[in-house]
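Chemist: For reference, this is coords_34.cif, and it has mmCIF, C-alpha atoms and all ligand atoms.
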```cif
data_start
#
loop_
_atom_site.label_atom_id
_atom_site.label_comp_id
_atom_site.auth_asym_id
_atom_site.auth_seq_id
_atom_site.Cartn_x
_atom_site.Cartn_y
_atom_site.Cartn_z
CA LEU A 188 0.00 0.00 0.00
CA GLY A 189 1.17 3.52 -0.77
CA TYR A 190 1.20 6.65 1.34
CA ARG A 191 -1.61 9.11 1.91
CA VAL A 192 -1.50 12.91 1.86
CA ARG A 193 -4.10 15.23 3.34
CA PRO A 194 -4.35 18.79 4.72
CA ILE A 195 -2.97 19.24 8.23
CA GLU A 196 -5.26 19.25 11.27
CA MET A 197 -4.60 20.91 14.64
CA GLY A 198 -4.11 17.45 16.16
CA ASP A 199 -1.12 16.83 13.88
CA ILE A 200 0.89 19.75 15.26
CA PRO A 201 2.80 17.78 17.96
CA GLN A 202 4.04 15.30 15.32
CA VAL A 203 4.76 18.02 12.77
CA THR A 204 6.83 20.00 15.29
CA GLU A 205 8.70 16.80 16.17
CA ILE A 206 9.64 16.35 12.48
CA ASP A 207 10.43 20.08 12.20
CA ARG A 208 12.81 19.85 15.21
CA GLU A 209 14.74 16.92 13.81
CA SER A 210 14.94 18.52 10.35
CA PHE A 211 15.79 22.21 10.81
CA ALA A 212 18.22 24.31 12.83
CA ASN A 213 15.54 27.01 13.31
CA SER A 214 12.43 25.01 14.05
CA TRP A 215 8.96 26.42 14.72
CA SER A 216 7.16 26.01 18.05
CA PRO A 217 3.71 24.36 18.19
CA SER A 218 2.12 27.75 18.95
CA THR A 219 3.60 29.26 15.77
CA TYR A 220 2.02 26.44 13.72
CA LYS A 221 -1.29 26.84 15.56
CA HIS A 222 -1.31 30.55 14.90
CA ASP A 223 -0.54 30.02 11.21
CA LEU A 224 -3.29 27.42 10.87
CA ARG A 225 -5.87 29.60 12.56
CA PHE A 226 -5.17 32.97 11.02
CA ASN A 227 -3.10 32.69 7.86
CA ARG A 228 -5.50 32.26 4.98
CA LEU A 229 -2.65 32.29 2.43
CA THR A 230 -0.93 29.15 3.68
CA ARG A 231 -1.74 25.47 3.41
CA TYR A 232 0.04 22.56 5.04
CA LEU A 233 -0.09 18.98 3.81
CA VAL A 234 0.92 15.93 5.80
CA ALA A 235 1.92 12.49 4.55
CA TYR A 236 1.19 9.32 6.47
CA GLU A 237 1.33 5.63 5.85
CA GLU A 238 -1.65 3.70 4.59
CA GLU A 239 -2.44 1.13 7.26
CA GLY A 240 -5.21 -0.74 5.48
CA LYS A 241 -7.76 0.68 7.87
CA PRO A 242 -7.18 4.27 9.04
CA ALA A 243 -6.73 4.49 12.81
CA ARG A 244 -9.66 6.26 14.42
CA GLN A 245 -9.70 7.55 17.94
CA GLU A 246 -12.65 9.58 19.10
CA VAL A 247 -11.86 12.38 21.51
CA SER A 248 -14.40 13.15 24.20
CA VAL A 249 -15.11 16.85 24.21
CA GLN A 250 -15.41 18.66 27.52
CA SER A 251 -16.08 22.20 26.27
CA GLY A 252 -19.50 23.56 27.03
CA GLY A 253 -21.82 25.46 24.72
CA SER A 254 -23.71 24.17 21.76
CA GLY A 255 -24.06 24.52 18.02
CA PRO A 256 -21.57 26.43 15.89
CA LEU A 257 -19.95 28.18 18.86
CA ARG A 258 -19.16 24.87 20.50
CA TRP A 259 -17.82 23.50 17.22
CA LEU A 260 -15.63 26.57 16.74
CA ARG A 261 -14.28 26.31 20.28
CA ARG A 262 -13.41 22.65 19.70
CA ARG A 263 -12.01 23.28 16.23
CA PHE A 264 -9.64 25.96 17.40
CA SER A 265 -8.65 24.37 20.68
CA GLY A 266 -7.35 21.42 18.69
CA GLU A 267 -9.52 19.00 20.63
CA VAL A 268 -12.00 18.31 17.82
CA SER A 269 -12.17 14.62 17.03
CA HIS A 270 -10.86 13.71 13.61
CA PRO A 271 -10.20 10.44 11.87
CA SER A 272 -6.59 11.55 11.54
CA THR A 273 -5.98 11.23 15.27
CA GLY A 274 -3.65 8.34 15.85
CA GLN A 275 -2.12 8.38 12.37
CA HIS A 276 1.63 8.36 12.21
CA ILE A 277 2.70 11.48 10.32
CA LEU A 278 5.83 10.84 8.24
CA GLY A 279 6.38 14.25 6.65
CA PHE A 280 4.84 17.59 5.87
CA ALA A 281 5.01 20.49 3.42
CA GLY A 282 3.94 24.14 3.69
CA LEU A 283 2.73 26.30 0.83
CA TRP A 284 2.10 30.00 0.57
CA PHE A 285 -0.25 31.21 -2.16
CA MET A 286 0.57 34.54 -3.82
CA MET A 287 -1.44 35.35 -6.96
CA ASP A 288 -0.15 33.04 -9.70
CA GLU A 289 2.83 31.87 -7.64
CA VAL A 290 3.01 29.24 -4.92
CA HIS A 291 5.96 29.39 -2.56
CA LEU A 292 7.06 26.15 -0.93
CA THR A 293 7.85 27.43 2.57
CA THR A 294 8.88 24.12 4.11
CA ILE A 295 9.13 20.39 3.45
CA ALA A 296 10.48 17.72 5.78
CA VAL A 297 10.36 13.98 6.32
CA ARG A 298 11.01 12.05 9.54
CA GLU A 299 14.69 11.15 9.58
CA ALA A 300 14.01 7.42 9.90
CA TYR A 301 11.69 7.48 6.86
CA ARG A 302 13.84 9.39 4.39
CA ARG A 303 14.74 7.95 0.97
CA ARG A 304 11.39 6.15 0.74
CA GLY A 305 9.64 8.51 -1.66
CA ILE A 306 7.80 10.62 0.93
CA GLY A 307 9.55 13.91 0.12
CA GLY A 308 8.84 13.25 -3.56
CA LEU A 309 5.18 12.58 -2.84
CA LEU A 310 4.84 15.79 -0.81
CA LEU A 311 6.43 17.73 -3.65
CA ILE A 312 4.10 16.06 -6.20
CA SER A 313 1.17 17.04 -3.95
CA ALA A 314 2.39 20.64 -3.68
CA ILE A 315 2.68 20.93 -7.47
CA GLU A 316 -0.76 19.33 -7.95
CA LEU A 317 -2.27 21.83 -5.51
CA ALA A 318 -0.55 24.73 -7.25
CA VAL A 319 -1.98 23.59 -10.60
CA LEU A 320 -5.46 23.27 -9.05
CA ARG A 321 -5.11 26.85 -7.78
CA ASN A 322 -4.22 27.98 -11.33
CA ALA A 323 -0.72 29.01 -10.29
CA ARG A 324 1.89 29.46 -12.99
CA MET A 325 4.93 28.55 -10.94
CA VAL A 326 6.21 27.11 -7.68
CA THR A 327 9.20 28.82 -6.06
CA LEU A 328 11.41 28.06 -3.07
CA GLU A 329 14.67 28.84 -1.30
CA VAL A 330 17.08 26.14 -0.20
CA ARG A 331 20.36 26.30 1.70
CA ALA A 332 23.35 26.17 -0.64
CA SER A 333 24.71 23.20 1.39
CA ASN A 334 21.45 21.20 1.27
CA ARG A 335 22.26 18.84 -1.60
CA PRO A 336 19.57 16.21 -0.81
CA ALA A 337 16.80 18.82 -1.02
CA GLN A 338 18.26 20.37 -4.18
CA ALA A 339 18.40 16.91 -5.80
CA LEU A 340 14.76 16.35 -4.84
CA TYR A 341 13.65 19.65 -6.38
CA GLU A 342 15.69 19.11 -9.55
CA LYS A 343 14.21 15.65 -9.99
CA TYR A 344 10.71 17.16 -9.98
CA GLY A 345 11.44 19.90 -12.50
CA PHE A 346 12.79 22.83 -10.46
CA ARG A 347 15.62 24.89 -11.90
CA ARG A 348 18.08 27.21 -10.16
CA VAL A 349 17.23 30.81 -10.93
CA GLY A 350 19.36 32.79 -8.48
CA VAL A 351 21.16 33.09 -5.17
CA ARG A 352 20.37 35.25 -2.12
CA ARG A 353 23.69 35.96 -0.45
CA GLY A 354 23.79 35.39 3.34
CA TYR A 355 20.04 34.73 3.44
CA TYR A 356 20.01 32.41 6.48
CA THR A 357 20.50 34.39 9.67
CA ASP A 358 21.95 31.55 11.80
CA ASN A 359 25.12 31.03 9.72
CA ARG A 360 24.83 33.63 6.94
CA GLU A 361 24.56 30.80 4.41
CA ASP A 362 23.42 31.59 0.86
CA ALA A 363 19.99 30.55 -0.34
CA VAL A 364 19.60 29.05 -3.78
CA LEU A 365 16.35 30.19 -5.43
CA MET A 366 14.62 27.46 -7.41
CA THR A 367 11.54 27.61 -9.61
CA ALA A 368 9.26 25.20 -11.40
CA ASP A 369 7.79 27.43 -14.09
CA GLY A 370 4.92 26.79 -16.48
CA ILE A 371 3.56 24.00 -14.29
CA ALA A 372 0.35 23.74 -16.32
CA SER A 373 2.17 23.65 -19.67
CA ALA A 374 2.09 20.51 -21.79
CA SER A 375 5.86 20.00 -21.55
CA PHE A 376 5.99 20.33 -17.76
CA GLN A 377 2.92 18.13 -17.34
CA ALA A 378 4.31 15.39 -19.62
CA GLN A 379 7.43 15.11 -17.46
CA PHE A 380 5.44 15.50 -14.22
CA GLN A 381 2.96 12.73 -15.12
CA ARG A 382 5.87 10.43 -15.99
CA LEU A 383 7.48 11.15 -12.59
CA LYS A 384 4.16 10.48 -10.85
CA ARG A 385 3.82 7.12 -12.63
CA GLU A 386 7.40 6.21 -11.71
CA HIS A 387 6.70 7.15 -8.08
CA ALA A 388 3.58 4.94 -8.00
CA GLU A 389 5.45 2.01 -9.59
CA ARG A 390 8.28 2.27 -7.11
CA TRP A 391 6.48 3.17 -3.87
CA GLY A 392 2.88 2.06 -4.45
CA GLU A 393 -0.22 3.96 -5.48
CA SER A 394 -0.68 6.94 -3.15
CA HIS A 395 -3.88 8.70 -2.20
CA LEU A 396 -3.86 12.50 -2.34
CA GLU A 397 -6.52 14.55 -0.58
CA LEU A 398 -5.52 18.16 -1.23
CA GLY A 399 -8.51 19.88 0.32
CA GLU A 400 -9.67 21.58 -2.89
C1 LIG B 501 14.85 16.79 1.54
C2 LIG B 501 13.92 15.71 2.10
C3 LIG B 501 12.54 16.33 2.36
C4 LIG B 501 13.79 14.57 1.07
O1 LIG B 501 12.81 13.66 1.51
P1 LIG B 501 12.88 12.09 1.15
O2 LIG B 501 11.60 11.48 1.60
O3 LIG B 501 14.12 11.49 1.69
O4 LIG B 501 12.97 12.16 -0.44
P2 LIG B 501 12.61 10.99 -1.47
O5 LIG B 501 12.90 9.65 -0.90
O6 LIG B 501 11.24 11.21 -2.01
O7 LIG B 501 13.68 11.28 -2.64
C5 LIG B 501 13.31 11.85 -3.89
C6 LIG B 501 14.57 12.30 -4.60
O8 LIG B 501 15.23 13.32 -3.84
C7 LIG B 501 16.65 13.19 -3.98
N1 LIG B 501 17.24 12.89 -2.68
C8 LIG B 501 16.59 12.72 -1.51
N2 LIG B 501 17.47 12.52 -0.50
C9 LIG B 501 18.69 12.55 -1.05
C10 LIG B 501 20.01 12.40 -0.52
N3 LIG B 501 20.23 12.18 0.77
N4 LIG B 501 21.05 12.52 -1.38
C11 LIG B 501 20.86 12.75 -2.69
N5 LIG B 501 19.63 12.88 -3.26
C12 LIG B 501 18.56 12.79 -2.45
C13 LIG B 501 16.87 12.06 -4.98
O9 LIG B 501 16.88 12.62 -6.27
C14 LIG B 501 15.61 11.23 -4.80
O10 LIG B 501 15.28 10.48 -5.93
P3 LIG B 501 15.83 8.95 -6.06
O11 LIG B 501 15.17 8.19 -4.93
O12 LIG B 501 15.32 8.52 -7.39
O13 LIG B 501 17.32 9.02 -5.91
C15 LIG B 501 14.50 15.09 3.42
O14 LIG B 501 15.85 14.75 3.20
C16 LIG B 501 14.41 16.01 4.62
O15 LIG B 501 13.39 16.04 5.33
N6 LIG B 501 15.49 16.76 4.89
C17 LIG B 501 15.52 17.67 6.06
C18 LIG B 501 14.64 18.87 5.85
C19 LIG B 501 15.06 19.67 4.62
O16 LIG B 501 16.23 19.89 4.37
N7 LIG B 501 14.05 20.17 3.88
C20 LIG B 501 14.27 20.98 2.70
C21 LIG B 501 14.28 22.42 3.09
S1 LIG B 501 14.54 23.48 1.69
#
```
In structure tokens, write the structure found in this file.
Modeler:
Amino acid sequence: LGYRVRPIEMGDIPQVTEIDRESFANSWSPSTYKHDLRFNRLTRYLVAYEEEGKPARQEVSVQSGGSGPLRWLRRRFSGEVSHPSTGQHILGFAGLWFMMDEVHLTTIAVREAYRRRGIGGLLLISAIELAVLRNARMVTLEVRASNRPAQALYEKYGFRRVGVRRGYYTDNREDAVLMTADGIASASFQAQFQRLKREHAERWGESHLELGE
């Protein structure tokens, strides 16, 4: 069985921050993610998890008072709302920022123990699919000059180097390489992209993408 991708839920934040901590020098706190999820209408996070045959379900008993929409809102934003996702083992995540006809990949990370198993590739495929669905023309990103694994991932899926921001990263003044996948809806990009998707499915199993559109 392949992997599954779906939009993030509040209940995923502890696992996402765990992956963030083991992946980045400057990791985000759970409250930063919560704030982004609640208030930032321009961002979208996707999480990847393993298909387990039958999705794990764990109902959460809700203590908050009130009724109707107010009660739902309180539960939704306190993170205690029950969701079928609860109990699923999150293996990686990606963040996207929508700006007109451009989608910026703000972050992507896979649990260290699960790397080199196609999960980063699947998250990138999902990000590109979502960008196409949103009628974006291109996907852009910055990557540390020293981060060869990530650069290889992006190149494999059609990103090209378009520039360098000198001393972009504040922790060590490292350069950022700017990379772009342009013309993502064009016939030539799509032909290559569909081939890569087929190869991914043949190698890692058929995956299920739920992009929230
Ligand atoms: C970058 C990252 C997300 C890749 O995830 P992953 O699940 O290991 O990637 P995949 O298994 O899908 O690999 C897809 C392709 O990426 C490239 N790649 C991934 N890891 C690589 C490595 N260590 N060395 C060289 N190429 C690598 C390869 O081209 C690979 O294709 P292949 O399997 O045909 O060789 C993961 O290494 C990670 O979480 N790193 C830490 C966080 C990070 O640096 N994020 C990027 C911020 S810009």
Chemist: List the neighbours of Tyr232 (chain A) out to 10 Å using only C-alpha atoms; skip same-chain residues closer than 6 positions along the sequence, and give me the result as a list in words.
Modeler: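 My reading of the contact set: Arg193, Pro194, Ile195, Glu196, Tyr220, Asp223, Leu224, Phe280, Ala281, Gly282, Leu283, Trp284, Leu292, Thr293, Thr294, Ile295, Ala314 and Leu398 of chain A.
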Chemist: What does the structure give for the distance between atom C12 of ligand LIG 501 (chain B) and CA of Arg335 (chain A), in Å to one decimal?
Modeler: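 Atom-to-atom, atom C12 of ligand LIG 501 (chain B) and CA of Arg335 (chain A) are spaced 7.1 Å apart.
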Chemist: Show me which residues are within 9 Å of ligand LIG 501 (chain B) counting only C-alpha atoms and all ligand atoms, and format the list as a PyMOL selection string.
Modeler: chain A and resi 206-207+209-211+278-281+292-299+301-311+328-331+334-344+387
Chemist: Between A:Ile315, A:Arg228, A:Val349, A:Asp358, which residue has the minimum interatomic distance to Ser214 (chain A), considering only C-alpha atoms?
Modeler: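 Smallest distance to Ser214 (chain A) is found for A:Asp358.
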Chemist: CA of Ile312 (chain A) and CA of Gln377 (chain A), how far apart in Å?
Modeler: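 Between these atoms lies a distance of 11.4 Å.
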Chemist: Between CA of Arg324 (chain A) and CA of Val234 (chain A), what is the distance in Å, rounded to a tenth?
Modeler: 23.2 Å
Chemist: In terms of the shortest atom-to-atom distance over only C-alpha atoms, which of A:Tyr190, A:Phe226, A:Phe346, A:Tyr356 is closest to Phe376 (chain A)?
Modeler: A:Phe346
